[in-house]
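S.K.: Have a look at this one before I ask anything.
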Amino acid sequence: ETITLHALMEDVPETQIIEKMLPDFEKETGIKVEFEKIGYGDMHDKLVAQLVAPESYYNLLEVDFLWAGEFPAAGWLADLTPFVEKSGFDLKPFIPAMFDLLGRTKDQLPLIPMYNYSMGMIYRTDLLADPKLKEAFKAATGKELAKPETLADYVTVAKFMKEHGGVDGAAMQGQRGDPNAMEFSNYLYSAGGEYLGADRKVVLDSDAGKTALGLYVDNIQHAAQQGALSATLDDTMRLMCSGQAFSMVTYWWMLPQLDNKEKCPAVAGKLALSVMPGGHGESGGWGWGIPKNTSEESQEAAWKFIEWVQSKKVSVARALEGHAPVREDVYKDPAVLAKYPFYETALDVVASGKSFPIFAYSAQYEDVLGTQLSLAAGGQAEPDAALQAAADGLTQLLNK
Amino acid sequence: MKRFGLHLGLILVSAVVLLPPLWVLRTSFVPESMSYSTEVMPQFTTQNYVDLFTNNRFGSYYLNSLIVALGSVIVALPFAAMTGYAFARFKTGGRTARFLVLATQMLPPVAIVLPAFALFRVFGLTNSVPGLTLAYAAINLPFLTWILMGFFEGIPVDLEWAAQTDGATPWGAFWRIVLPVSLPGIAAAGVLGFILSWNEFLFALVLTGPRTATVPVALAALQTSNGVQIAKVSAGVVLAILPLVVASRFIQRFIVQGLTFGSVK
Amino acid sequence: MASIELDHVSKMYANGAYGVRDVDLTIADGEFVIFLGPSGCGKSTTLRMIAGLESVTAGELRIGGRPVTHVPPRDRNIAVVFQSYALYPHMTVRQNMAFGLKMRGSPASEIDAKIRDAAGLLGLTSYLDRKPAALSGGQRQRVALGRAIVREPEAFLLDEPLSNLDAQLRAEMRLELVKLHRRLGRTIIHVTHDQVEAMTMGDRIVIMRDGEVMQVGRPLDVYANPANTFVARFLATPPMNLVPATLSADADGALAVVLDGATLPVPGQHAASYRSAAGRPIIFGLRPEDLHEARQNQAWQPLELTVVAMEALGVENILIGQIGGEKPVEIAARLSRHFHAPIGSKVMLYADLAPMHLFDPESGKVLPRPAIALTAQ
Amino acid sequence: MASIELDHVSKMYANGAYGVRDVDLTIADGEFVIFLGPSGCGKSTTLRMIAGLESVTAGELRIGGRPVTHVPPRDRNIAVVFQSYALYPHMTVRQNMAFGLKMRGSPASEIDAKIRDAAGLLGLTSYLDRKPAALSGGQRQRVALGRAIVREPEAFLLDEPLSNLDAQLRAEMRLELVKLHRRLGRTIIHVTHDQVEAMTMGDRIVIMRDGEVMQVGRPLDVYANPANTFVARFLATPPMNLVPATLSADADGALAVVLDGATLPVPGQHAASYRSAAGRPIIFGLRPEDLHEARQNQAWQPLELTVVAMEALGVENILIGQIGGEKPVEIAARLSRHFHAPIGSKVMLYADLAPMHLFDPESGKVLPRPAIALTAQ
Amino acid sequence: MFRLAIDRDRRIGWSFAAPGLATLAVVMGFPLVYACLISISSLTLMKPQLQPLVGFANFATVMSDPLFWGSLWLTVKYSVITVAGEFLFGLGIALMLHRTMKMKPVYFAILTIPMAMSPVSVALIWRMLLQPNLGIANHLMETVGLPRIDWLGNADLALWTMAGIDIWQQTSFVVLILAAGLAALPREPYEAAEVDGATSLQQFWFITLPMLRPVAAIAVIIQLINEFRTYDLPYVLTKGGPGTSTEVLSFFAYRRAFLGLSLNEGAAAAFVLLVIVLGMTVAFFALLERKS
Ligand SMILES: Nc1ncnc2c1ncn2[C@@H]1O[C@H](COP(=O)(O)OP(=O)(O)OP(=O)(O)O)[C@@H](O)[C@H]1O
Ligand SMILES: Nc1ncnc2c1ncn2[C@@H]1O[C@H](COP(=O)(O)OP(=O)(O)OP(=O)(O)O)[C@@H](O)[C@H]1O
Ligand SMILES: O=P(O)(O)OC[C@H](O)CO
Ligand SMILES: [Mg+2]
Ligand SMILES: [Mg+2]
């Protein structure tokens with residue numbers, strides 16, 4: 001009797017790439033895998049219903065890093081250490097930051113990294129090279145117009161572009177919740193701030209944090225597009241694609257989607273990716289997990305699949321299709337680099353990425369933070385007060 | 001002249017109602033990358049539709065939706081009509097019963113979807129079309145009951161008396177007299193029930209599996225972290241509207257005037 | 001077996017108003033009973049209780065001897081013509097009439113035949129395929145009647161079934177109903193405001209007032225011997241003349257009704273009955289048709305009236321006249337269509353006092369006396 | 001100014017049936033007109049057209065001289081009592097009656113006063129705060145009537161407004177309507193099936209049949225001189241006796257109506273009118289009230305009848321008798337309530353032939369003769 | 001005797017109501033009771049057991065959150081705005097529809113289109129139309145010389161924009177129900193009102209509105225319930241933002257239950273909402289009855 005693996009997957013290219021390769025896996029192992037694809041926003045609710053039930057219908061899980069605190073804490077995930085040990089699966093090639101992101105502790109390994117969505121800056125090289133703008137920038141600031149290296153520079157350039165470049169300086173995703181929380185995290189890390197210091201003490205409301213929020217608010221109010229407070233990734237991407245914005249802080253793998261003659265003729269060939277000015281961006285990613293409330297056989301099968309799909313061979317094949325790797329060796333694979341030269345930068349983005357606090361209430365915290373950011377950005381709250389509230393919220397949730 | 005004003009008004013509201021769907025229709029025939037173009041038809045394609053059916057299994061979702069929506073109406077409407085009749089004519093259970101019935105729908109769905117899931121799991125009704133149909137029937141029931149109750153209260157009781165003395169059972173009087181005379185209400189309630197099920201999202205999300213999902217779930221999935229596939233959403237919306245547009249020609253015929261005219265002094 | 005017994009039955013409506021109050025009445029199987037009474041007196045309510053459509057709030061109702069509280073309307077097998085018609089608006093005339101038969105499972109051919117007959121009878125043949133909305137008021141009423149008569153129930157309850165028909169059609173229908181009653185021998189209760197229907201159709205009439213039964217009896221008996229002033233006035237138009245008077249007795253015991261302006265000797269045959277009331281104020285009652293223009297009988301008493309009004313009905317003339325006196329009282333007389341008299345003139349009429357009645361002025365009750373035969377049936 | 005002119009007006013319904021056909025009628029301002037006719041003849045349709053509730057499909061309707069095709073009902077300022085009452089189910093009796101006044105902006109105090117008066121008149125005072133559903137049939141009808149009379153419109157259209165009232169109340173209402181008419185002097189059209197109403201209330205009566213007008217005239221004129229057998233039969237119950245006969249003339253020109261079994265000499269005053277019909281088959285018409293039990297006048301002709309049926313109405317007795325002969329014909333006679341005769345016996349009645357009529361057997365039209373006065377108004 | 005006759009009606013009534021009530025009791029009753037238990041339990045996603053029951057502690061927790069009161073007020077405001085809008089527009093449209101003959105099927109088909117779209121798609125579509133930089137709405141505004149508007153990103157405007165979209169969609173339900181209600185009205189009172197001199201407006205006010213009241217009241221209540229529970233629209237359009245300007249109560253409850261992982265507090269918030277809606281419903285009908 002063959003086992004079928006059921007996985008609830010987000011309906012994105014990553015999933016589709018794997019889905020196309022599933023017949024190979026079945027041929028190899030005789031295990032059938034069935035992907036049910038829905039939107040990100042709906043996955044959590046649907047998974048929870050299954051995971052709290054006596055037996056889960058899904059016996060293979062795709063878990064976002066935001067849930068990487070919650071799922072293990074709730075005891076829904078099987079510890080993968082025994083599987084790794086038993087099969088001798090080599091974890092070394094994986095980028096260590098990815099494990100941090102996905103809830104690895106001394107005692108347990110809940111998830112194996114699946115793919116990455118760390119954030120960097122995508123910007124318009126043509127505008128930076130425009131002589132008229134260069135001149136104007138010099139006149140205005142006394143500095144050369146170039147790719148910004150600090151957060152403050154970035155905000156200055158963005159504001160300048162809005163004023164003089166005929167474009168919005170930054171396409172910002174200011175919608176409350178995931179979009180603005182993720183975006184702000186980049187600002188925070190770039191300004192040298194952190195959410196948690198050593199001993200997991202909340203340090204968000206440090207001076208760096210204040211600087212970050214100040215610049216964030218400044219940027220969204222003076223450099224961003226109209227409607228930034230309601231914008232999501234979709235809006236910023238389309239704006240960037242239309243050529244009406246100078247820059248955006250986004251997932252690194254957005255670059256090929258924007259730098260595309262067919263889809264975005266207005267900007268194709270005029271874009272570049274860089275690590276977030278200031279050196280650190282927000283890191284994100286998905287991992288594979290195995291629910292506890294499934295049979296032993298299906299857990300075995302699920303592990304087989306994870307082993308297979310995250311093997312170097314399959315990862316490289318996926319990368320060639322556009323996959324965002326989690327293994328260093330894949331980034332450095334010659335075939336991959338040949339096809340996507342910017343993976344070199346991408347690796348920097350991923351490696352330098354910092355993680356949002358991972359704990360049971362990460363998702364809720366994202367919302368608490370998002371609310372304060374939104375209030376501050378909309379002028380409904382003083383930035384310092386908002387930051388304080390966000391920090392307090394974090395403390396509270398950590399103590400819950 | 002008065003006629004003219006009336007048509008002017010109707011044309012105006014029709015325009016307000018219709019313009020967004022028209023733009024949606026247009027968008028459904030435009031490639032995704034040009035969906036936000038302000039040109040009316042920058043480029044024509046049927047790819048969005050083709051993709052929906054080939055990549056997004058829209059065909060099977062569509063069928064599921066139809067089955068679930070029709071099925072829930074077929075189950076709920078008779079029950080609702082009977083309960084509504086009991087409430088309207090016999091004051092069954094008094095005010096308390098009426099409000100209790102309605103109160104079952106006053107909880108935000110997010111609060112009962114997990115308990116409902118737990119219940120349905122016990123009976124093996126998750127991941128199944130009949131299960132979702134049953135859930136929708138129960139969700140529709142209170143609303144349909146109330147609507148029909150409103151219509152039944154308007155029927156002169158003399159008609160039922162006549163039927164009863166003519167030898168009809170209470171059921172016969174209900175079936176042969178009350179129902180036909182309240183056709184507009186039945187039609188409206190039927191449509192309402194269909195639409196509620198047709199559009200419901202959360203229960204569909206939680207109670208269904210890959211083969212039993214419905215159109216709203218399919219359309220919601222187009223809102224990905226890689227952006228919203230708005231052209232496909234548009235195509236899906238156009239397809240979702242179709243059954244109602246087809247049916248409304250038919251429904252409208254029931255919503256005609258003066259059904260009790262000439263029956264009582 | 002459809003005797004209908006109302007055993008101290010009352011009906012109180014939700015608003016506390018009584019529709020019917022303590023009605024005690026037994027209707028024999030196969031009897032044809034007329035309900036008569038002023039608007040709002042409880043006739044329809046009584047019918048609806050018998051049909052089982054309205055709950056009885058006190059007393060007991062028995063049909064065929066058994067209490068029917070638990071018997072739903074359909075099992076009482078009673079056909080009703082509703083005062084409001086209550087036609088099925090979505091059905092054609094034919095379907096309206098067929099409904100009751102269909103419910104009882106009659107075969108289609110029989111239904112057809114019955115509807116054809118009834119429609120012919122009611123003049124509805126060419127309207128069978130119309131819906132009620134496309135009918136005139138009288139046509140609707142006929143459909144309501146047709147719906148009842150196609151069935152052969154235990155009893156018919158007809159609530160003013162002919163009120164919206166023209167006189168001629170009504171006369172025909174009256175006859176048809178009487179025939180139907182003869183043919184089927186079923187109990188019929190017929191509510192009407194029509195004097196001719198009341199007098200000619202039924203075995204008995206029941207006169208109600210304010211939810212209570214005032215008098216029950218054979219029509220002519222009630223007409224000739226009303227139990228009180230209410231019944232006396234109610235049963236005809238113009239109603240019985242009721243005049244406050246005194247009953248005097250002369251030395252040799254002859255009684256006379258003393259009006260303001262006239263004195264009328266009480267016929268000898270009634271003397272014994274009224275003797276005890278001598279000397280007391282009474283109400284004197286005499287019907288307008290007992291005043292005649294010519295003295296065809298020596299016993300008739302002359303009475304001089306001043307003409308106040310004349311109403312020519314074509315078929316007869318109604319004279320309203322005053323008996324002279326301090327406070328002149330008006331009385332009506334039914335005279336022939338050829339009788340003429342100018343307003344203000346004095347006319348001599350002749351009162352046939354044999355059918356007279358005396359009533360107690362306080363209670364309104366009649367002073368009992370032996371009945372005099374009016375007409376052999 | 002509410003004269004109402006129907007100028008060859010027709011109404012064809014959607015199903016192709018005619019409700020009214022080519023009606024040509026002028027009603028003067030302030031006139032009180034009675035509409036009379038068999039069920040379904042088009043009375044209500046005519047009223048509804050005048051009110052503006054039904055479109056006119058041919059001809060022209062003028063009110064106060066101006067065509068009203070485009071005038072909506074509310075601007076015609078007409079009060080209507082609908083045959084079906086058409087009460088506002090959601091309003092109390094008071095609100096029902098107040099509505100028309102409120103719509104026309106009468107001050108509240110005036111509305112109150114008017115409703116109080118009307119309610120008193122109609123016996124509705126204690127029902128003012130009930131809704132129609134909690135009223136008896138007659139009470140509802142009175143509300144409908146009340147709603148019309150509180151207003152002071154240009155014209156009243158009353159569609160059988162008293163049909164569900166008891167005789168006594170109806171008599172009162174009749175009087176009140178006549179008073180209302182006198183007081184306001186407004187045009188009134190009153191549809192009724194009641195003979196007394198028809199004869200006494202109106203200035204003229206209009207008799208319709210199958211959507212067409214048969215005869216228009218003062219009530220007693222129409223009663224005494226019907227234009228055809230339809231009108232002759234229609235206007236009273238029992239209707240005029242119509243007997244197929246031959247008109248014979250003897251040597252010296254004296255005419256006689258020859259029935260099967262009796263020969264009745266035509267009164268001399270009519271001889272000239274009928275001479276030309278001598279020798280021809282005719283229909284002989286005589287009203288039941290023209291047969292008398294006693295010969296009060298020597299001109300009255302004896303007529304022997306075999307009693308077939310006696311109908312005792314209390315107020316009078318109707319005798320149905322046969323004139324002997326091969327094919328015996330039945331005729332009705334209205335006799336006093338004291339007249340007795342066993343079924344099968346022979347009775348001698350006396351026919352007053354002065355009011356007789358002769359009709360053409362083919363067309364049913366009356367053979368014209370000068371009118372004889374019936375009664376001074 | 002009286003009792004027994006009443007009993008018959010009662011029996012018939014219950015036999016009619018039984019199948020529906022039974023279905024409801026089974027399918028909705030269990031989850032409701034369970035949800036109710038959850039609301040007084042210590043059940044969270046982290047610790048999925050009802051025990052120990054904590055009584056009203058969850059309610060206290062929820063109610064001590066200032067955001068709760070803000071979102072409660074917002075919800076009431078939003079519901080009243082949308083229901084009023086839907087009812088007024090719906091009634092107007094239903095009346096116009098009722099009076100036309102020609103073209104009625106066409107209008108009817110058009111006017112009922114919005115209800116055939118799921119709220120999620122409606123929200124997605126309107127996000128497209130109202131996209132501030134690229135959307136067609138602002139493009140048209142600009143074309144006719146009006147300023148571009150930040151429909152959803154402006155804290156003062158977002159709630160109104162959301163309400164507008166909601167009204168745009170939900171009015172079609174109201175039209176459907178009211179059109180049917182109008183169709184079922186008896187014709188006679190209108191004839192009476194015509195001759196009583198009532199203008200169209202007066203007929204509407206004095207005849208149509210009161211007679212339509214039972215059905216209209218039900219339409220209002222159903223919409224009120226739906227609006228109180230609005231979830232999909234803010235979820236897709238604004239996620240409750242900017243700031244907290246569109247944070248309606250069911251969104252609050254959702255957040256508690258699924259992001260905060262505290263199913264018990266989410267359920268408590270939901271029951272508070274239920275009690276408020278129920279209270280408003282009962283009050284609404286009491287008011288209507290008193291007025292009649
Ligand atoms: N809506 C309609 N469609 C078709 N025919 C109709 C319609 N309304 C009435 N009729 C027909 O028109 C004729 C005249 O109807 P109308 O109501 O005027 O009669 P009526 O004289 O008032 O009769 P009644 O005394 O019975 O009330 C009738 O034969 C009736 O069947
Ligand atoms: N549903 C009700 N609620 C309260 N009172 C009512 C109700 N129905 C009738 N009544 C009252 O009960 C009394 C009797 O009504 P019923 O209908 O029996 O009268 P009726 O004799 O048939 O009169 P009519 O000759 O006018 O038809 C009336 O005074 C009426 O107002
Ligand atoms: O992994 P993605 O790109 O589908 O998106 C992740 C979500 O945006 C949550 O952070
Ligand atoms: Mg009655
Ligand atoms: Mg009529």
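In the structure tokens, the first chain shown is A, the next is B, and so on; residue numbers restart at 1 for each chain, and ligands run from 1 in the order shown.
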Could you list, as a list in words, every residue within 7 Å of A:Ser118, counting only C-alpha atoms and ignoring same-chain residues fewer than 2 positions away?

M.R.: Asn116, Gly120, Tyr251, Trp252, Glu282, Ser283, Gly284, Val349, Val350 and Gly353 of chain A

S.K.: Could you list, as a PyMOL selection string, all the residues within 6 Å of ligand 5, counting only C-alpha atoms and all ligand atoms?

M.R.: (chain C and resi 136-137) or (chain D and resi 43-44)

S.K.: Pick out the residues no farther than 6 Å from ligand 3, counting only C-alpha atoms and all ligand atoms, and list them as a VMD selection string.

M.R.: (chain A and resid 117) or (chain B and resid 225 to 226)

S.K.: I'd like the neighbourhood of E:Trp151 as a ChimeraX atom specification, where a residue qualifies if any of its atoms comes within 7 Å (using only C-alpha atoms), though same-chain residues fewer than 6 positions away should be ignored.

M.R.: /E:130,132,157-158,161

S.K.: Take the residues just selected and output them with all heavy atoms as a PDB file, in the first residue's frame.

M.R.:
```
ATOM      1  N   LEU E 130      -9.166  50.932  -7.192  1.00  0.00           N
ATOM      2  CA  LEU E 130      -8.811  52.091  -6.372  1.00  0.00           C
ATOM      3  C   LEU E 130      -7.322  52.198  -6.125  1.00  0.00           C
ATOM      4  O   LEU E 130      -6.881  53.022  -5.327  1.00  0.00           O
ATOM      5  CB  LEU E 130      -9.537  52.007  -5.024  1.00  0.00           C
ATOM      6  CG  LEU E 130     -11.059  52.012  -5.078  1.00  0.00           C
ATOM      7  CD1 LEU E 130     -11.638  51.940  -3.679  1.00  0.00           C
ATOM      8  CD2 LEU E 130     -11.578  53.253  -5.804  1.00  0.00           C
ATOM      9  N   PRO E 132      -4.070  53.506  -5.816  1.00  0.00           N
ATOM     10  CA  PRO E 132      -3.903  54.968  -5.888  1.00  0.00           C
ATOM     11  C   PRO E 132      -3.038  55.441  -7.053  1.00  0.00           C
ATOM     12  O   PRO E 132      -3.291  56.492  -7.617  1.00  0.00           O
ATOM     13  CB  PRO E 132      -3.275  55.324  -4.546  1.00  0.00           C
ATOM     14  CG  PRO E 132      -2.909  54.053  -3.885  1.00  0.00           C
ATOM     15  CD  PRO E 132      -3.613  52.933  -4.557  1.00  0.00           C
ATOM     16  N   LEU E 157     -10.236  58.351   5.580  1.00  0.00           N
ATOM     17  CA  LEU E 157     -11.076  57.995   4.441  1.00  0.00           C
ATOM     18  C   LEU E 157     -11.320  56.489   4.352  1.00  0.00           C
ATOM     19  O   LEU E 157     -12.340  56.048   3.815  1.00  0.00           O
ATOM     20  CB  LEU E 157     -10.383  58.475   3.155  1.00  0.00           C
ATOM     21  CG  LEU E 157     -11.222  58.519   1.891  1.00  0.00           C
ATOM     22  CD1 LEU E 157     -12.381  59.486   2.082  1.00  0.00           C
ATOM     23  CD2 LEU E 157     -10.357  58.964   0.709  1.00  0.00           C
ATOM     24  N   ALA E 158     -10.386  55.707   4.886  1.00  0.00           N
ATOM     25  CA  ALA E 158     -10.404  54.270   4.623  1.00  0.00           C
ATOM     26  C   ALA E 158     -11.727  53.616   5.002  1.00  0.00           C
ATOM     27  O   ALA E 158     -12.289  52.817   4.246  1.00  0.00           O
ATOM     28  CB  ALA E 158      -9.257  53.583   5.362  1.00  0.00           C
ATOM     29  N   THR E 161     -14.334  54.451   2.502  1.00  0.00           N
ATOM     30  CA  THR E 161     -14.125  53.733   1.249  1.00  0.00           C
ATOM     31  C   THR E 161     -14.607  52.287   1.390  1.00  0.00           C
ATOM     32  O   THR E 161     -15.332  51.764   0.544  1.00  0.00           O
ATOM     33  CB  THR E 161     -12.626  53.731   0.884  1.00  0.00           C
ATOM     34  OG1 THR E 161     -12.189  55.074   0.820  1.00  0.00           O
ATOM     35  CG2 THR E 161     -12.397  53.033  -0.438  1.00  0.00           C
TER      36      THR E 161
END
```

S.K.: Using only C-alpha atoms and all ligand atoms, find each protein or nucleic acid residue lying at most 10 Å from ligand 4; present the set as a list of chain:residue names.

M.R.: C:Gly37, C:Pro38, C:Ser39, C:Gly40, C:Cys41, C:Gly42, C:Lys43, C:Ser44, C:Thr45, C:Thr46, C:Leu47, C:Arg48, C:Phe82, C:Gln83, C:Ser84, C:Asp159, C:Glu160, C:Val191, C:Thr192, D:Leu135, D:Ser136, D:Gly137, D:Gly138, D:Gln139, D:Arg140, D:Asn164, D:Leu165

S.K.: For chain D, work out the contacting residues on chain B at 10 Å, counting only C-alpha atoms, and write them as a PyMOL selection string.

M.R.: chain B and resi 156-157+262-265

S.K.: Might you pull out every residue within 9 Å of stretch 114-120 of chain D, with only C-alpha atoms counted and same-chain residues fewer than 6 positions away left off, and present them as a PyMOL selection string?

M.R.: chain D and resi 94+97-98+126-128+142-143+146-147+149-151

S.K.: For E:Gly241, find every residue with an atom within 10 Å (counting only C-alpha atoms), except residues of its own chain fewer than 5 positions away, and show them as a VMD selection string.

M.R.: (chain A and resid 174 to 177 229 to 230 370 to 371 374 to 375 378) or (chain E and resid 152 to 155 158 to 159 234 to 235 246 to 247)

S.K.: Can you pull out every residue from stretch 249-282 of chain A that DSSP, working from the backbone, puts in strand (DSSP E or B), and format the result as a PyMOL selection string?

M.R.: chain A and resi 249-251+271-274+282

S.K.: Contacts of A:Asn180 at 12 Å or less, counting only C-alpha atoms, minus same-chain residues fewer than 4 places along, as a PyMOL selection string?

M.R.: (chain A and resi 171-176+184-188+213+216-217+220+228-233+236+249-250+282+366-377) or (chain E and resi 238-239+241-243)

S.K.: Just the helix (DSSP H, G or I) stuff from stretch 178-309 of chain A, please, per backbone DSSP, written as a count of residues only.

M.R.: 63

S.K.: Just give me the gap between atom 6 (C, counted along the ligand's line) of ligand 1 and atom CA of D:Leu53 in Å, one decimal is fine.

M.R.: 13.5 Å

S.K.: Taking only C-alpha atoms into account, find every residue of chain D that has an atom no more than 9 Å from chain E, and write it out as an NGL selection string.

M.R.: :D and (51-53 or 72-82 or 84-91 or 99-104 or 147-148 or 151)

S.K.: Atoms to include: C-alpha atoms. Write the selected residues as a short mmCIF file (atom, residue, chain, number, x, y, z; two decimals), in the first residue's frame.

M.R.:
```
data_model
loop_
_atom_site.label_atom_id
_atom_site.label_comp_id
_atom_site.auth_asym_id
_atom_site.auth_seq_id
_atom_site.Cartn_x
_atom_site.Cartn_y
_atom_site.Cartn_z
CA ALA D 51 -62.29 57.04 -10.69
CA GLY D 52 -59.35 56.71 -13.05
CA LEU D 53 -58.29 53.32 -11.78
CA PRO D 72 -54.60 60.67 -12.29
CA PRO D 73 -57.15 59.42 -9.75
CA ARG D 74 -55.84 61.62 -6.99
CA ASP D 75 -56.53 64.75 -8.99
CA ARG D 76 -60.07 63.74 -9.77
CA ASN D 77 -61.08 64.31 -6.18
CA ILE D 78 -63.50 61.46 -6.05
CA ALA D 79 -64.27 59.27 -3.08
CA VAL D 80 -64.81 55.61 -3.73
CA VAL D 81 -66.24 52.81 -1.67
CA PHE D 82 -64.70 49.77 -3.22
CA SER D 84 -63.80 44.83 -1.94
CA TYR D 85 -63.44 47.62 0.64
CA ALA D 86 -59.70 48.00 -0.04
CA LEU D 87 -59.04 49.04 3.51
CA TYR D 88 -55.51 49.87 4.59
CA PRO D 89 -54.66 46.73 6.52
CA HIS D 90 -51.91 48.36 8.54
CA MET D 91 -53.96 51.28 9.74
CA PHE D 99 -56.11 59.15 5.43
CA GLY D 100 -57.97 60.92 2.66
CA LEU D 101 -58.32 64.06 4.72
CA LYS D 102 -54.72 63.99 5.77
CA MET D 103 -53.63 63.66 2.19
CA ARG D 104 -55.54 66.77 1.34
CA ARG D 147 -63.58 56.63 4.61
CA ALA D 148 -65.61 58.02 1.73
CA ARG D 151 -64.23 63.53 2.69
#
```

S.K.: Show me, as an MDAnalysis selection string, the residues that have an atom within 7 Å of C:Ile4 when counting only C-alpha atoms, minus same-chain residues fewer than 3 positions from it.

M.R.: chainID C and resid 26:28 62:64

S.K.: Could those selected residues go to a file with C-alpha atoms, as a PDB file, in the first residue's frame?

M.R.:
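The resulting file, again10.pdb, is shown below:
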```
ATOM      1  CA  THR C  26     -78.560  22.699  19.070  1.00  0.00           C
ATOM      2  CA  ILE C  27     -78.914  22.296  15.360  1.00  0.00           C
ATOM      3  CA  ALA C  28     -80.376  19.008  14.259  1.00  0.00           C
ATOM      4  CA  ARG C  62     -70.164  18.951  19.595  1.00  0.00           C
ATOM      5  CA  ILE C  63     -70.739  17.761  16.093  1.00  0.00           C
ATOM      6  CA  GLY C  64     -72.688  14.560  15.628  1.00  0.00           C
TER       7      GLY C  64
END
```
